[in-house]
Each structure stands twice: as C-alpha cells, then as structure tokens.
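Asks: What follows is target_14.txt, made up of compact mmCIF, C-alpha atoms:
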```
# COMPACT_ATOMS: atom_id res chain seq x y z
CA MET A 1 7.00 -25.95 44.56
CA HIS A 2 4.61 -23.30 43.27
CA ASN A 3 2.52 -24.04 40.20
CA TYR A 4 4.14 -21.23 38.20
CA GLU A 5 7.58 -22.72 38.94
CA VAL A 6 6.44 -26.14 37.73
CA GLY A 7 4.98 -24.55 34.63
CA GLU A 8 8.18 -22.64 33.95
CA LYS A 9 10.27 -25.82 34.26
CA MET A 10 7.94 -27.62 31.86
CA ILE A 11 8.20 -24.78 29.36
CA ASN A 12 11.98 -24.75 29.62
CA GLN A 13 12.07 -28.54 29.15
CA ASN A 14 9.84 -28.34 26.12
CA THR A 15 11.99 -25.58 24.66
CA ASP A 16 15.14 -27.63 25.20
CA ASP A 17 13.50 -30.64 23.51
CA GLU A 18 12.43 -28.51 20.55
CA ASP A 19 15.92 -27.03 20.22
CA TRP A 20 17.37 -30.53 20.25
CA LEU A 21 15.00 -31.56 17.45
CA VAL A 22 15.67 -28.51 15.26
CA ASP A 23 19.31 -29.24 14.44
CA PRO A 24 18.80 -32.84 13.30
CA ARG A 25 15.86 -31.77 11.17
CA LYS A 26 17.89 -28.97 9.67
CA ALA A 27 20.79 -31.31 8.95
CA ARG A 28 18.48 -33.86 7.34
CA SER A 29 16.78 -31.32 5.10
CA ARG A 30 20.14 -29.87 4.01
CA ALA A 31 21.46 -33.37 3.28
CA ARG A 32 18.39 -34.21 1.20
CA LEU A 33 18.72 -30.98 -0.77
CA LEU A 34 22.40 -31.64 -1.46
CA ASP A 35 21.74 -35.28 -2.35
CA ALA A 36 19.26 -34.10 -4.96
CA ALA A 37 21.46 -31.25 -6.22
CA THR A 38 24.58 -33.40 -6.62
CA SER A 39 22.59 -36.13 -8.38
CA LEU A 40 21.11 -33.61 -10.80
CA LEU A 41 24.52 -32.02 -11.34
CA SER A 42 26.18 -35.37 -12.05
CA THR A 43 23.54 -36.53 -14.50
CA GLY A 44 22.31 -33.33 -16.11
CA GLY A 45 24.98 -30.69 -15.61
CA ILE A 46 24.67 -27.17 -14.26
CA GLU A 47 21.43 -26.42 -16.11
CA ALA A 48 19.69 -29.30 -14.32
CA VAL A 49 20.28 -27.82 -10.86
CA THR A 50 17.29 -25.53 -10.51
CA VAL A 51 15.35 -24.70 -7.36
CA ASP A 52 12.24 -26.38 -8.75
CA ALA A 53 14.11 -29.55 -9.75
CA VAL A 54 15.96 -29.81 -6.43
CA THR A 55 12.88 -29.28 -4.28
CA LYS A 56 10.92 -31.79 -6.35
CA ALA A 57 13.66 -34.45 -6.19
CA SER A 58 14.39 -33.91 -2.50
CA LYS A 59 10.75 -33.48 -1.44
CA VAL A 60 11.89 -30.48 0.61
CA ALA A 61 9.82 -27.30 0.52
CA ARG A 62 11.12 -24.27 -1.34
CA THR A 63 10.89 -22.18 1.83
CA THR A 64 13.14 -24.69 3.60
CA LEU A 65 15.65 -24.56 0.74
CA TYR A 66 15.91 -20.80 1.12
CA ARG A 67 16.60 -21.21 4.83
CA HIS A 68 19.75 -23.09 3.87
CA PHE A 69 20.78 -21.26 0.68
CA THR A 70 20.14 -17.66 -0.30
CA ASP A 71 19.93 -18.49 -4.01
CA SER A 72 20.63 -21.13 -6.66
CA THR A 73 24.25 -20.01 -6.95
CA GLN A 74 24.96 -20.97 -3.35
CA LEU A 75 23.10 -24.25 -3.80
CA LEU A 76 25.16 -25.11 -6.88
CA ALA A 77 28.41 -24.15 -5.14
CA ALA A 78 27.57 -26.45 -2.23
CA ALA A 79 26.77 -29.28 -4.66
CA PHE A 80 30.10 -28.80 -6.46
CA GLU A 81 31.94 -28.80 -3.14
CA ARG A 82 30.31 -32.10 -2.23
CA LEU A 83 31.70 -33.66 -5.40
CA LEU A 84 35.26 -32.49 -4.83
CA PRO A 85 37.61 -35.35 -3.99
CA PRO A 86 40.04 -35.14 -1.06
CA VAL A 87 42.97 -32.76 -1.38
CA THR A 88 45.99 -34.31 -3.09
CA ALA A 89 49.04 -33.91 -0.90
CA PRO A 90 52.30 -33.00 -2.66
CA PRO A 91 54.98 -35.69 -2.97
CA ALA A 92 57.00 -36.08 0.22
CA SER A 93 60.41 -36.57 -1.37
CA GLY A 94 62.46 -36.24 -4.54
CA THR A 95 63.97 -33.37 -6.47
CA ILE A 96 61.90 -30.29 -7.28
CA ARG A 97 61.52 -31.63 -10.82
CA GLU A 98 60.38 -35.07 -9.63
CA GLN A 99 57.91 -33.60 -7.16
CA LEU A 100 56.41 -31.25 -9.75
CA ILE A 101 56.05 -34.00 -12.35
CA GLU A 102 54.37 -36.35 -9.89
CA LEU A 103 52.02 -33.65 -8.64
CA LEU A 104 51.18 -32.53 -12.18
CA ASP A 105 50.41 -36.15 -13.12
CA ARG A 106 48.02 -36.40 -10.15
CA GLN A 107 46.27 -33.15 -11.01
CA ALA A 108 45.96 -34.09 -14.68
CA LYS A 109 44.37 -37.42 -13.77
CA LEU A 110 41.95 -35.64 -11.46
CA ILE A 111 40.89 -33.20 -14.17
CA GLU A 112 40.68 -35.81 -16.92
CA GLU A 113 38.74 -38.41 -14.95
CA ALA A 114 36.28 -36.19 -13.08
CA PRO A 115 33.98 -34.29 -15.46
CA ALA A 116 32.41 -32.42 -12.52
CA GLN A 117 35.84 -31.00 -11.71
CA LEU A 118 36.17 -29.50 -15.16
CA THR A 119 32.62 -28.15 -15.13
CA MET A 120 33.22 -26.58 -11.73
CA LEU A 121 36.46 -24.90 -12.86
CA GLY A 122 34.74 -23.49 -15.93
CA TRP A 123 31.79 -22.30 -13.86
CA LEU A 124 34.04 -20.43 -11.45
CA ALA A 125 36.30 -19.08 -14.20
CA LEU A 126 33.34 -17.63 -16.09
CA GLY A 127 32.27 -15.71 -13.01
CA SER A 128 29.03 -17.64 -12.56
CA ALA A 129 29.45 -17.17 -8.82
CA GLN A 130 28.27 -13.58 -8.82
CA PRO A 131 30.57 -11.22 -6.91
CA GLY A 132 27.56 -9.78 -5.13
CA THR A 133 26.71 -13.19 -3.73
CA ALA A 134 30.23 -14.41 -3.11
CA GLY A 135 31.17 -11.29 -1.20
CA THR A 136 28.21 -11.06 1.12
CA ALA A 137 27.92 -12.42 4.62
CA SER A 138 26.78 -15.98 5.15
CA HIS A 139 23.10 -16.85 5.28
CA PRO A 140 21.72 -16.20 8.79
CA GLU A 141 21.08 -19.93 9.30
CA GLU A 142 24.44 -21.07 7.86
CA ASP A 143 27.90 -20.64 9.34
CA ARG A 144 29.59 -20.29 5.97
CA ASN A 145 29.00 -19.00 2.47
CA PRO A 146 28.95 -21.99 0.07
CA VAL A 147 30.55 -19.98 -2.75
CA ASN A 148 33.45 -18.85 -0.58
CA SER A 149 33.78 -22.35 0.81
CA LEU A 150 33.97 -23.82 -2.70
CA ARG A 151 36.65 -21.33 -3.71
CA ALA A 152 38.66 -22.22 -0.62
CA ARG A 153 38.39 -25.93 -1.45
CA VAL A 154 39.53 -25.26 -5.02
CA VAL A 155 42.57 -23.42 -3.68
CA ASN A 156 43.36 -26.37 -1.43
CA GLN A 157 42.79 -28.84 -4.26
CA TYR A 158 44.83 -27.18 -6.99
CA ARG A 159 47.04 -24.48 -5.59
CA GLU A 160 48.18 -25.40 -2.10
CA PRO A 161 50.16 -28.51 -3.12
CA PHE A 162 52.11 -26.48 -5.67
CA ASP A 163 52.63 -23.65 -3.19
CA ARG A 164 54.16 -26.08 -0.73
CA ILE A 165 56.66 -27.33 -3.31
CA LEU A 166 57.46 -24.02 -4.99
CA GLY A 167 57.57 -22.15 -1.68
CA SER A 168 60.05 -24.54 -0.11
CA PRO A 169 63.57 -23.29 0.73
CA GLU A 170 65.00 -25.73 -1.82
CA ALA A 171 62.85 -24.33 -4.62
CA GLN A 172 63.57 -20.74 -3.62
CA GLN A 173 67.30 -21.45 -3.65
CA GLU A 174 67.20 -23.30 -6.98
CA LEU A 175 64.73 -21.09 -8.82
CA GLY A 176 64.95 -17.72 -7.09
CA ARG A 177 61.94 -15.57 -6.28
CA PHE A 178 59.02 -15.69 -8.71
CA ASP A 179 55.26 -15.22 -9.01
CA THR A 180 53.61 -18.47 -7.91
CA ASN A 181 50.35 -17.42 -9.60
CA LEU A 182 52.15 -17.32 -12.94
CA ALA A 183 53.94 -20.59 -12.17
CA LEU A 184 50.65 -22.36 -11.46
CA THR A 185 49.19 -20.98 -14.70
CA GLN A 186 52.19 -22.21 -16.67
CA LEU A 187 52.06 -25.69 -15.17
CA VAL A 188 48.36 -26.48 -14.78
CA GLY A 189 46.87 -24.00 -17.25
CA PRO A 190 47.61 -26.03 -20.40
CA ILE A 191 46.00 -29.14 -18.91
CA VAL A 192 42.80 -27.31 -18.02
CA PHE A 193 42.76 -25.47 -21.37
CA THR A 194 43.00 -28.67 -23.44
CA ARG A 195 40.13 -30.21 -21.47
CA LEU A 196 37.93 -27.13 -21.75
CA THR A 197 38.52 -26.90 -25.51
CA ALA A 198 38.25 -30.65 -26.19
CA LEU A 199 41.79 -30.81 -27.53
CA PRO A 200 43.76 -34.06 -27.17
CA PRO A 201 44.79 -34.49 -23.51
CA ILE A 202 48.34 -33.70 -22.48
CA GLY A 203 50.14 -36.96 -21.85
CA PRO A 204 52.97 -37.85 -19.45
CA ALA A 205 55.74 -36.81 -21.86
CA GLU A 206 54.10 -33.45 -22.48
CA ARG A 207 53.61 -32.91 -18.74
CA GLN A 208 57.30 -33.58 -18.15
CA GLN A 209 58.06 -31.06 -20.90
CA LEU A 210 55.89 -28.47 -19.15
CA VAL A 211 57.87 -28.95 -15.95
CA ASP A 212 61.24 -28.95 -17.73
CA ASP A 213 60.40 -25.78 -19.67
CA PHE A 214 59.26 -24.06 -16.50
CA LEU A 215 62.38 -25.07 -14.56
CA ALA A 216 64.70 -24.13 -17.42
CA ALA A 217 63.14 -20.69 -17.71
CA ARG A 218 63.26 -20.13 -13.95
CA SER A 219 66.84 -21.38 -13.60
CA ALA A 220 68.01 -19.10 -16.40
CA HIS A 221 66.21 -16.15 -14.82
CA ALA A 222 67.66 -16.93 -11.39
CA ARG A 223 71.26 -16.75 -12.62
```
Spell out the structure here as structure tokens.
Replies:
Amino acid sequence: MHNYEVGEKMINQNTDDEDWLVDPRKARSRARLLDAATSLLSTGGIEAVTVDAVTKASKVARTTLYRHFTDSTQLLAAAFERLLPPVTAPPASGTIREQLIELLDRQAKLIEEAPAQLTMLGWLALGSAQPGTAGTASHPEEDRNPVNSLRARVVNQYREPFDRILGSPEAQQELGRFDTNLALTQLVGPIVFTRLTALPPIGPAERQQLVDDFLAARSAHAR
C-alpha cells in the first residue's frame, strides 16, 4: 500500500473518531445547559434564566450556548418544555359529560399543583416568545425550534385530549358542530384565569358546573 493511501486512511479514521466524539459532547453540553436553566427556572422564575446565569451555573461557555440556542427565548422555551409532565390521555370510557369532568379534574390538578405550568402558560399568552423567533427556521445545529416545540407540547398537553373527546362521533351527534377553540376556552379558561389572578381555585363542584353549563348550551343550540 502506498504511503499516501495509508495517510488517507489514517485521516479518514481520525475524522470518523472526531465525528463520533462531537455528538456526545454536544449532547452533554446541551444537557448541562438545560439542567442549569430548569433549576434556575424552578427556583427563581423566568427572570432568573439569563444567559450569564445559565453559563455560570452549567460551566458551559457562552459561545457553546449559542451553538445550541439562538437566544434566551429559545433557551427558556426548552427549559419549560423539560418541566412539562407527560401528556394526560382522555378518559377511555363513560358519557361525554363524565369524560369531560374527569379530564377537567386532571387538567385543573395539573395547573394547580405545578407552578411552572402556570408560569409557562402566562409567558406564552403574553407573547414572550417573539413571533420573529418562533417563526424562523431552527438553529443550524438543532433539528427543531424550541419555541415551536414547546407550543406543540402545550397543544398536546391541554388541547388534544379535549379534541379527542369533543371530536368523537358521539359528541358530534349529541352536541352538533361547534368551535372547539371556544369550547376549550369555556372549559379550561376559567381554571387558568383564577390561577393567574390569584382568585380562589375552582373546586370539583364548580368544574362539574362548567361542564354542565357547556353541555346545556351546546345541546340547546344543537336542537
């Protein structure tokens, strides 16, 4: 074998080894950044998650942070997403009323017991995820935009279970055609509003009343 062929094989081998090392290093640095960001978010709120604070806590260089996230908005969105619990599946059986009450109870518990959930909803609702950032392409070194990913997770967490119940043939037959956006606002909106405004939480009886009022209005409209 010629010397140049041996040299080329050694170069290719070294390149392969370096490529193999890059991904684990990248994953570790991203994990350390998110560990720091979620810890700061949990203990100090949104204001605590700054680039300086995250790089100091994670011991990851600022230049490395910007290889993972284009700005602090994307970093915060990724931290929020990390704190989201698993998606709550809708009840598998029961009447439409029973399914809605059970699902509303689950969502209320999630909102009431997870302060980060409430903070995240308020952050998104206030437009803190700038449209310019949320609408752009993903960072060159990331395969997704953290802001868009967070919004998708929120949809899965809060909307999809209701869509599956309200979009079922049984619900369509019982309630007729209606705007599911408005339905979700009517059912979940009061729970979020009372938490955001520090009003007394809506209890089980009040949640049942929300469902009953919604169903009564829809049934009357469907006739």
Asks: Between A:Ala61, A:Ala217, A:Val49, A:Ile111, which one has atoms that come closest to Gln157 in chain A, using all atoms listed in the file?
Replies: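 Nearest candidate to Gln157 in chain A out of A:Ala61, A:Ala217, A:Val49, A:Ile111: A:Ile111.
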Asks: With 12 Å as the threshold, what does the neighbourhood of (20.7, -31.0, -1.1) contain in terms of residues, counting all atoms listed in the file? Coordinates are those of the file; answer as a ChimeraX atom specification.
Replies: /A:26-41,49-51,53-62,64-66,68-69,72,74-82
Asks: Counting all atoms listed in the file, which residues of range 30-105 of chain A sit at most 10 Å from some atom of range 182-194 of chain A, and what is each one's closest atom pair with its distance in Å to one decimal, listed by chain and rising residue number, as a Markdown table?
Replies:
```
| residue | atom | partner | partner_atom | distance |
| --- | --- | --- | --- | --- |
| A:Leu100 | CA | A:Leu187 | CA | 8.9 |
| A:Ile101 | CA | A:Leu187 | CA | 9.6 |
| A:Leu104 | CA | A:Val188 | CA | 7.2 |
```
Asks: Just write the chosen residues, C-alpha atoms, as a PDB file, keeping the file's coordinate frame.
Replies:
```pdb
ATOM      1  CA  LEU A 100      56.410 -31.250  -9.750  1.00  0.00           C
ATOM      2  CA  ILE A 101      56.050 -34.000 -12.350  1.00  0.00           C
ATOM      3  CA  LEU A 104      51.180 -32.530 -12.180  1.00  0.00           C
TER       4      LEU A 104
END
```
Asks: For CA of Ala48 in chain A and CA of Val147 in chain A, determine how far apart the two atoms are, in Å to one decimal place.
Replies: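 Between CA of Ala48 in chain A and CA of Val147 in chain A the gap works out to 18.4 Å.
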Asks: For Thr70 in chain A, which residue out of A:Glu170, A:Glu206, A:Pro146, A:Val154 is the nearest one, using only C-alpha atoms?
Replies: A:Pro146
Asks: Which residues, written as a ChimeraX atom specification, have at least one atom at most 9 Å from Gly167 in chain A, with only C-alpha atoms counted and residues fewer than 5 positions away on the same chain left out?
Replies: /A:162,172,180
Asks: Using Å and a single decimal, report how far CA of Leu175 in chain A sits from CA of Pro91 in chain A.
Replies: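 Distance between the two atoms: 18.5 Å.
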Asks: Figure out the distance between CA of Ala198 in chain A and CA of Ser149 in chain A, please, to one decimal in Å.
Replies: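 Distance between the two atoms: 28.6 Å.
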Asks: Can you pull out the residues contacting Ala89 in chain A? Cut-off 12 Å, using all atoms listed in the file, and skip same-chain residues under 5 positions away; I want them as a PyMOL selection string.
Replies: chain A and resi 99-100+102-104+106-107+156-165
